[in-house]
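Novice: One file is attached below, entry.pdb, containing PDB, C-alpha atoms.
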ATOM      1  CA  MET A  15       9.076  -8.971 -31.457  1.00  0.00           C
ATOM      2  CA  ASP A  16      10.308 -11.778 -33.676  1.00  0.00           C
ATOM      3  CA  GLU A  17      13.986 -12.288 -34.468  1.00  0.00           C
ATOM      4  CA  GLY A  18      13.643 -11.113 -38.069  1.00  0.00           C
ATOM      5  CA  THR A  19      12.179  -7.789 -36.955  1.00  0.00           C
ATOM      6  CA  LYS A  20      14.892  -7.361 -34.310  1.00  0.00           C
ATOM      7  CA  GLU A  21      17.574  -8.067 -36.891  1.00  0.00           C
ATOM      8  CA  THR A  22      16.094  -5.543 -39.334  1.00  0.00           C
ATOM      9  CA  VAL A  23      15.679  -2.815 -36.705  1.00  0.00           C
ATOM     10  CA  ASN A  24      19.243  -3.354 -35.502  1.00  0.00           C
ATOM     11  CA  LYS A  25      20.432  -2.568 -39.049  1.00  0.00           C
ATOM     12  CA  LEU A  26      18.566   0.761 -39.177  1.00  0.00           C
ATOM     13  CA  PRO A  27      20.579   3.863 -38.366  1.00  0.00           C
ATOM     14  CA  LEU A  28      19.660   5.469 -35.066  1.00  0.00           C
ATOM     15  CA  LEU A  29      18.875   9.166 -35.154  1.00  0.00           C
ATOM     16  CA  SER A  30      20.481  11.776 -32.931  1.00  0.00           C
ATOM     17  CA  VAL A  31      18.934  15.176 -33.669  1.00  0.00           C
ATOM     18  CA  ARG A  32      16.168  16.038 -31.237  1.00  0.00           C
ATOM     19  CA  ALA A  33      14.063  18.430 -33.317  1.00  0.00           C
ATOM     20  CA  SER A  34      10.474  18.959 -34.346  1.00  0.00           C
ATOM     21  CA  PRO A  35       9.087  20.779 -37.389  1.00  0.00           C
ATOM     22  CA  ARG A  36       8.988  24.041 -35.418  1.00  0.00           C
ATOM     23  CA  ASP A  37      12.770  23.922 -34.875  1.00  0.00           C
ATOM     24  CA  LYS A  38      13.627  25.230 -38.403  1.00  0.00           C
ATOM     25  CA  ASP A  39      17.314  24.439 -39.049  1.00  0.00           C
ATOM     26  CA  ALA A  40      17.455  21.599 -36.545  1.00  0.00           C
ATOM     27  CA  TRP A  41      14.399  20.080 -38.242  1.00  0.00           C
ATOM     28  CA  THR A  42      16.267  20.087 -41.547  1.00  0.00           C
ATOM     29  CA  ALA A  43      19.048  18.094 -39.893  1.00  0.00           C
ATOM     30  CA  ARG A  44      16.531  15.698 -38.332  1.00  0.00           C
ATOM     31  CA  LEU A  45      14.755  15.264 -41.665  1.00  0.00           C
ATOM     32  CA  LYS A  46      18.047  14.326 -43.323  1.00  0.00           C
ATOM     33  CA  GLU A  47      18.556  11.652 -40.660  1.00  0.00           C
ATOM     34  CA  GLU A  48      14.977  10.427 -41.169  1.00  0.00           C
ATOM     35  CA  LEU A  49      15.447  10.124 -44.919  1.00  0.00           C
ATOM     36  CA  THR A  50      18.773   8.325 -44.498  1.00  0.00           C
ATOM     37  CA  SER A  51      17.157   5.832 -42.147  1.00  0.00           C
ATOM     38  CA  LEU A  52      14.187   5.318 -44.491  1.00  0.00           C
ATOM     39  CA  ILE A  53      16.490   4.785 -47.471  1.00  0.00           C
ATOM     40  CA  GLN A  54      18.395   2.166 -45.476  1.00  0.00           C
ATOM     41  CA  TYR A  55      15.131   0.453 -44.480  1.00  0.00           C
ATOM     42  CA  VAL A  56      13.879   0.353 -48.076  1.00  0.00           C
ATOM     43  CA  LYS A  57      17.249  -1.006 -49.196  1.00  0.00           C
ATOM     44  CA  LEU A  58      17.156  -3.757 -46.535  1.00  0.00           C
ATOM     45  CA  ASN A  59      13.603  -4.683 -47.484  1.00  0.00           C
ATOM     46  CA  LYS A  60      14.488  -4.940 -51.170  1.00  0.00           C
ATOM     47  CA  GLU A  61      17.565  -7.064 -50.405  1.00  0.00           C
ATOM     48  CA  GLN A  62      15.377  -9.450 -48.384  1.00  0.00           C
ATOM     49  CA  ASP A  63      12.538  -9.381 -50.962  1.00  0.00           C
ATOM     50  CA  LYS A  64      10.253  -7.890 -48.301  1.00  0.00           C
ATOM     51  CA  ASP A  65       9.250  -4.666 -49.986  1.00  0.00           C
ATOM     52  CA  TRP A  66       5.921  -3.631 -48.375  1.00  0.00           C
ATOM     53  CA  PHE A  67       5.498   0.145 -48.497  1.00  0.00           C
ATOM     54  CA  GLN A  68       6.272   3.309 -50.423  1.00  0.00           C
ATOM     55  CA  ILE A  69       5.979   6.779 -48.923  1.00  0.00           C
ATOM     56  CA  GLU A  70       6.873  10.340 -49.766  1.00  0.00           C
ATOM     57  CA  CYS A  71       6.662  13.611 -47.902  1.00  0.00           C
ATOM     58  CA  ASN A  72       5.789  17.202 -48.638  1.00  0.00           C
ATOM     59  CA  LYS A  73       8.579  19.805 -48.984  1.00  0.00           C
ATOM     60  CA  THR A  74       8.747  20.462 -45.241  1.00  0.00           C
ATOM     61  CA  GLY A  75       8.731  16.790 -44.260  1.00  0.00           C
ATOM     62  CA  THR A  76       5.679  17.237 -42.063  1.00  0.00           C
ATOM     63  CA  ARG A  77       3.098  15.292 -44.088  1.00  0.00           C
ATOM     64  CA  TRP A  78       3.714  11.837 -45.435  1.00  0.00           C
ATOM     65  CA  SER A  79       1.589   9.673 -47.691  1.00  0.00           C
ATOM     66  CA  GLY A  80       1.879   6.567 -49.759  1.00  0.00           C
ATOM     67  CA  LYS A  81       0.849   2.948 -49.868  1.00  0.00           C
ATOM     68  CA  CYS A  82       1.494  -0.138 -47.800  1.00  0.00           C
ATOM     69  CA  TRP A  83       0.634  -3.709 -48.658  1.00  0.00           C
ATOM     70  CA  TYR A  84       0.469  -7.070 -47.039  1.00  0.00           C
ATOM     71  CA  TYR A  85       0.494 -10.493 -48.671  1.00  0.00           C
ATOM     72  CA  TYR A  86      -1.814 -13.056 -47.154  1.00  0.00           C
ATOM     73  CA  GLU A  87      -2.514 -16.452 -48.712  1.00  0.00           C
ATOM     74  CA  GLN A  88      -0.674 -15.304 -51.864  1.00  0.00           C
ATOM     75  CA  ILE A  89      -2.951 -12.290 -52.320  1.00  0.00           C
ATOM     76  CA  ARG A  90      -1.752  -8.706 -52.023  1.00  0.00           C
ATOM     77  CA  TYR A  91      -3.895  -6.308 -49.987  1.00  0.00           C
ATOM     78  CA  GLU A  92      -2.955  -2.670 -50.571  1.00  0.00           C
ATOM     79  CA  PHE A  93      -3.926   0.370 -48.488  1.00  0.00           C
ATOM     80  CA  ASP A  94      -3.357   4.112 -48.424  1.00  0.00           C
ATOM     81  CA  LEU A  95      -0.958   5.211 -45.693  1.00  0.00           C
ATOM     82  CA  GLU A  96      -0.694   8.714 -44.299  1.00  0.00           C
ATOM     83  CA  PHE A  97       0.593  10.509 -41.235  1.00  0.00           C
ATOM     84  CA  GLU A  98       1.731  13.878 -40.020  1.00  0.00           C
ATOM     85  CA  ILE A  99       4.711  14.661 -37.860  1.00  0.00           C
ATOM     86  CA  PRO A 100       3.406  15.951 -34.517  1.00  0.00           C
ATOM     87  CA  VAL A 101       4.680  19.295 -33.221  1.00  0.00           C
ATOM     88  CA  THR A 102       6.056  17.436 -30.183  1.00  0.00           C
ATOM     89  CA  TYR A 103       8.090  15.077 -32.377  1.00  0.00           C
ATOM     90  CA  PRO A 104      10.298  13.139 -31.641  1.00  0.00           C
ATOM     91  CA  GLU A 105       8.926  12.826 -28.100  1.00  0.00           C
ATOM     92  CA  THR A 106       5.602  11.821 -29.663  1.00  0.00           C
ATOM     93  CA  ALA A 107       5.506   9.146 -32.340  1.00  0.00           C
ATOM     94  CA  PRO A 108       3.592   9.833 -35.550  1.00  0.00           C
ATOM     95  CA  GLU A 109       0.074   8.413 -35.661  1.00  0.00           C
ATOM     96  CA  LEU A 110       0.001   6.130 -38.681  1.00  0.00           C
ATOM     97  CA  LYS A 111      -3.300   6.096 -40.539  1.00  0.00           C
ATOM     98  CA  LEU A 112      -4.892   3.633 -42.920  1.00  0.00           C
ATOM     99  CA  PRO A 113      -8.060   5.626 -43.606  1.00  0.00           C
ATOM    100  CA  GLN A 114      -9.628   2.967 -45.847  1.00  0.00           C
ATOM    101  CA  LEU A 115      -9.764   0.540 -42.919  1.00  0.00           C
ATOM    102  CA  GLU A 116     -11.463   2.915 -40.487  1.00  0.00           C
ATOM    103  CA  GLY A 117     -14.165   1.117 -38.538  1.00  0.00           C
ATOM    104  CA  LEU A 118     -13.218  -2.360 -39.753  1.00  0.00           C
ATOM    105  CA  THR A 119     -11.200  -3.415 -36.696  1.00  0.00           C
ATOM    106  CA  SER A 120     -11.271  -2.608 -32.989  1.00  0.00           C
ATOM    107  CA  LYS A 121      -7.501  -2.000 -33.074  1.00  0.00           C
ATOM    108  CA  MET A 122      -7.965   1.332 -34.761  1.00  0.00           C
ATOM    109  CA  TYR A 123      -8.965   4.818 -33.704  1.00  0.00           C
ATOM    110  CA  ARG A 124     -11.025   7.530 -35.365  1.00  0.00           C
ATOM    111  CA  GLY A 125      -9.642   8.602 -38.713  1.00  0.00           C
ATOM    112  CA  GLY A 126      -8.095   5.207 -39.396  1.00  0.00           C
ATOM    113  CA  LYS A 127      -5.231   5.610 -36.900  1.00  0.00           C
ATOM    114  CA  ILE A 128      -3.765   2.252 -35.997  1.00  0.00           C
ATOM    115  CA  CYS A 129      -3.513   1.296 -32.319  1.00  0.00           C
ATOM    116  CA  GLN A 130       0.068   1.786 -31.128  1.00  0.00           C
ATOM    117  CA  THR A 131      -0.487   2.446 -27.430  1.00  0.00           C
ATOM    118  CA  ILE A 132       0.147  -0.862 -25.691  1.00  0.00           C
ATOM    119  CA  HIS A 133       3.184  -2.221 -27.502  1.00  0.00           C
ATOM    120  CA  PHE A 134       4.811   0.547 -29.502  1.00  0.00           C
ATOM    121  CA  GLN A 135       4.421   3.773 -27.509  1.00  0.00           C
ATOM    122  CA  PRO A 136       6.478   2.571 -24.486  1.00  0.00           C
ATOM    123  CA  LEU A 137       9.226   1.361 -26.822  1.00  0.00           C
ATOM    124  CA  TRP A 138       9.218   4.697 -28.686  1.00  0.00           C
ATOM    125  CA  SER A 139       9.374   6.657 -25.407  1.00  0.00           C
ATOM    126  CA  ARG A 140      12.425   4.700 -24.242  1.00  0.00           C
ATOM    127  CA  ASN A 141      14.224   5.425 -27.512  1.00  0.00           C
ATOM    128  CA  VAL A 142      13.699   9.174 -28.049  1.00  0.00           C
ATOM    129  CA  PRO A 143      15.344  10.667 -30.162  1.00  0.00           C
ATOM    130  CA  ARG A 144      16.975   7.544 -31.641  1.00  0.00           C
ATOM    131  CA  PHE A 145      13.826   6.169 -33.281  1.00  0.00           C
ATOM    132  CA  GLY A 146      12.284   7.739 -36.358  1.00  0.00           C
ATOM    133  CA  ILE A 147       9.803   7.088 -39.125  1.00  0.00           C
ATOM    134  CA  ALA A 148      11.540   3.922 -40.351  1.00  0.00           C
ATOM    135  CA  HIS A 149      11.427   2.495 -36.843  1.00  0.00           C
ATOM    136  CA  SER A 150       7.759   3.402 -36.576  1.00  0.00           C
ATOM    137  CA  LEU A 151       6.996   1.525 -39.783  1.00  0.00           C
ATOM    138  CA  ALA A 152       9.075  -1.508 -38.789  1.00  0.00           C
ATOM    139  CA  LEU A 153       7.914  -1.780 -35.184  1.00  0.00           C
ATOM    140  CA  SER A 154       4.368  -0.474 -35.378  1.00  0.00           C
ATOM    141  CA  LEU A 155       2.748  -0.665 -38.818  1.00  0.00           C
ATOM    142  CA  GLY A 156       4.416  -3.907 -39.934  1.00  0.00           C
ATOM    143  CA  PRO A 157       3.366  -5.905 -36.847  1.00  0.00           C
ATOM    144  CA  TRP A 158      -0.089  -4.285 -36.910  1.00  0.00           C
ATOM    145  CA  LEU A 159      -0.632  -5.441 -40.501  1.00  0.00           C
ATOM    146  CA  ALA A 160       0.633  -8.927 -39.649  1.00  0.00           C
ATOM    147  CA  ALA A 161      -1.863  -9.205 -36.784  1.00  0.00           C
ATOM    148  CA  GLU A 162      -4.887  -7.519 -38.321  1.00  0.00           C
ATOM    149  CA  ILE A 163      -4.938  -8.421 -42.010  1.00  0.00           C
ATOM    150  CA  PRO A 164      -5.432 -12.192 -41.511  1.00  0.00           C
ATOM    151  CA  ASP A 165      -8.341 -11.442 -39.164  1.00  0.00           C
ATOM    152  CA  LEU A 166      -9.909  -8.954 -41.572  1.00  0.00           C
ATOM    153  CA  VAL A 167      -9.541 -11.407 -44.457  1.00  0.00           C
ATOM    154  CA  GLY A 168     -11.033 -14.192 -42.349  1.00  0.00           C
ATOM    155  CA  ARG A 169     -14.068 -12.030 -41.607  1.00  0.00           C
ATOM    156  CA  GLY A 170     -14.364 -11.141 -45.306  1.00  0.00           C
ATOM    157  CA  VAL A 171     -14.298  -7.377 -44.810  1.00  0.00           C
ATOM    158  CA  ILE A 172     -11.353  -6.360 -47.002  1.00  0.00           C
ATOM    159  CA  ASP A 173     -11.918  -8.193 -50.292  1.00  0.00           C
ATOM    160  CA  LYS A 174     -12.050  -4.884 -52.182  1.00  0.00           C
ATOM    161  CA  PHE A 175      -8.393  -4.199 -51.330  1.00  0.00           C
ATOM    162  CA  LYS A 176      -7.085  -7.239 -53.223  1.00  0.00           C
ATOM    163  CA  LYS A 177      -4.555  -6.371 -55.921  1.00  0.00           C
TER     164      LYS A 177
END
As structure tokens, what does this structure read like?

Specialist:
Amino acid sequence: MDEGTKETVNKLPLLSVRASPRDKDAWTARLKEELTSLIQYVKLNKEQDKDWFQIECNKTGTRWSGKCWYYYEQIRYEFDLEFEIPVTYPETAPELKLPQLEGLTSKMYRGGKICQTIHFQPLWSRNVPRFGIAHSLALSLGPWLAAEIPDLVGRGVIDKFKK
């Protein structure tokens, strides 16, 4: 993890409520913490001129969707982003999906789920329940985009996602 990422993650609020969507009232408290952390992350990104995603959730906070983008060689590549909160959350991290990129890279699973197993899952497990959605974006999706997009551009397989 580079120093910039460490610095950003250290500025994100840590979460404390250990609750999943099946925990009713406790989930409401967890969701408030999640939203607070996401708001802080968006604010930090805007302050640093590093805005790279927008997401929103359904009323229950269990389904999230939006867009993420990555600039490479002064060109913006934009993708749909979606994920669901697993019933075993926060012990299990959400599986972030970029369905438009399914099958274009070996670092992706069926349905467009990005590979998080080697680097991110152990880190998530050590930080339950302190990590949340903002941490998942910062420590999983962001680095994944930084590693994969230059390769995909170099192979010429994502030209249609230029904005």

Novice: One number please: atom CA of Gln88 of chain A to atom CA of Trp66 of chain A, in Å, one decimal.

Specialist: 13.9 Å

Novice: Leaving out Ser120 of chain A and any residue of its chain fewer than 5 positions from it, which residues lie within 10 Å of it when counting all atoms listed in the file, given as a short mmCIF file (atom, residue, chain, number, x, y, z; two decimals) with C-alpha atoms, in the coordinates of the input?

Specialist:
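As written to disk, around-v8.cif reads:
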data_model
loop_
_atom_site.label_atom_id
_atom_site.label_comp_id
_atom_site.auth_asym_id
_atom_site.auth_seq_id
_atom_site.Cartn_x
_atom_site.Cartn_y
_atom_site.Cartn_z
CA ILE A 128 -3.76 2.25 -36.00
CA CYS A 129 -3.51 1.30 -32.32
CA GLU A 162 -4.89 -7.52 -38.32
#

Novice: Convert the output of the PyMOL selection byres ((chain A and resi 56-65) around 9) on the shown file into explicit residues, formatted as a list in words.

Specialist: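 Applied to this file, the PyMOL selection byres ((chain A and resi 56-65) around 9) returns Thr22, Lys25, Leu26, Ser51, Leu52, Ile53, Gln54, Tyr55, Trp66, Phe67, Gln68, Trp83 and Ala148 of chain A.
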
Novice: How big is the axis-aligned box, and where does its centre sit, when it encloses all atoms of segment 31-42 of chain A listed in the file and has 8 Å added on every side, reported in Å to one decimal as AutoDock Vina command-line options?

Specialist:
--center_x 14.0 --center_y 20.2 --center_z -36.4 --size_x 25.9 --size_y 26.1 --size_z 26.3

Novice: Quick one: pull the distance between atom CA of Gly117 of chain A and atom CA of Glu96 of chain A, Å, one decimal.

Specialist: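 The value is 16.5 Å.
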
Novice: Which of these residues is nearest to Asn141 of chain A, using only C-alpha atoms: A:Leu28, A:Ala43, A:Leu115, A:Val23?

Specialist: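 Answer, going by the shortest atom-to-atom distance: A:Leu28.
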
Novice: Taking the file as shown, what set of residues would the PyMOL selection byres ((chain A and resi 89-93) around 8) give back, as a list in words?

Specialist: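 Answer for the PyMOL selection byres ((chain A and resi 89-93) around 8): Lys81, Cys82, Trp83, Tyr84, Tyr85, Tyr86, Glu87, Gln88, Asp94, Leu95, Leu112, Gln114, Phe175, Lys176 and Lys177 of chain A.
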
Novice: Using only C-alpha atoms, pick whichever of A:Leu151, A:Ile99, A:Val142, A:Ala160 has the shortest atom-to-atom distance to Leu29 of chain A.

Specialist: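 Checking each candidate against Leu29 of chain A, we get A:Val142 as the closest.
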
Novice: Quick check, in Å to one decimal: how far apart do atom CA of Lys127 of chain A and atom CA of Pro100 of chain A lie?

Specialist: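 Distance between the two atoms: 13.7 Å.
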
Novice: Calculated over all atoms listed in the file, which of the candidates A:Ile172, A:Leu166, A:Leu153, A:Ala40 has the smallest distance to Gly18 of chain A?

Specialist: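 Of all the options, A:Leu153 lies closest to Gly18 of chain A.
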
Novice: I'd like the contact shell of Val101 of chain A - 12 Å cut-off, only C-alpha atoms, skipping same-chain residues fewer than 3 positions apart - returned as a list in words.

Specialist: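 After dropping sequence-adjacent residues, the list is Ala33, Ser34, Pro35, Arg36, Asp37, Lys38, Trp41, Thr76, Arg77, Glu98, Pro104, Glu105, Thr106, Ala107 and Pro108 of chain A.
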
Novice: Could you check which of A:Thr119, A:Ser154, A:Ser30, A:Thr50 is closest to Thr131 of chain A, using all atoms listed in the file?

Specialist: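 For Thr131 of chain A, the nearest of the given residues is A:Ser154.
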
Novice: I need the output of the PyMOL selection byres ((chain A and resi 126) around 6) for this file as a list in words; which residues are they?

Specialist: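 This file gives the following for the PyMOL selection byres ((chain A and resi 126) around 6): Lys111, Leu112, Pro113, Glu116, Tyr123, Arg124, Gly125 and Lys127 of chain A.
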
Novice: Between A:Arg32, A:Lys46, A:Lys121, A:Arg169, which has the minimum distance to Arg144 of chain A (counting all atoms listed in the file)?

Specialist: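 The answer is A:Arg32, which sits nearest to Arg144 of chain A.
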
Novice: Given the choices A:Ala161, A:Ile147, A:Ala152, A:Val171, which gets closest to Glu21 of chain A if the distance is worked out from all atoms listed in the file?

Specialist: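 The shortest atom-to-atom distance to Glu21 of chain A comes from A:Ala152.
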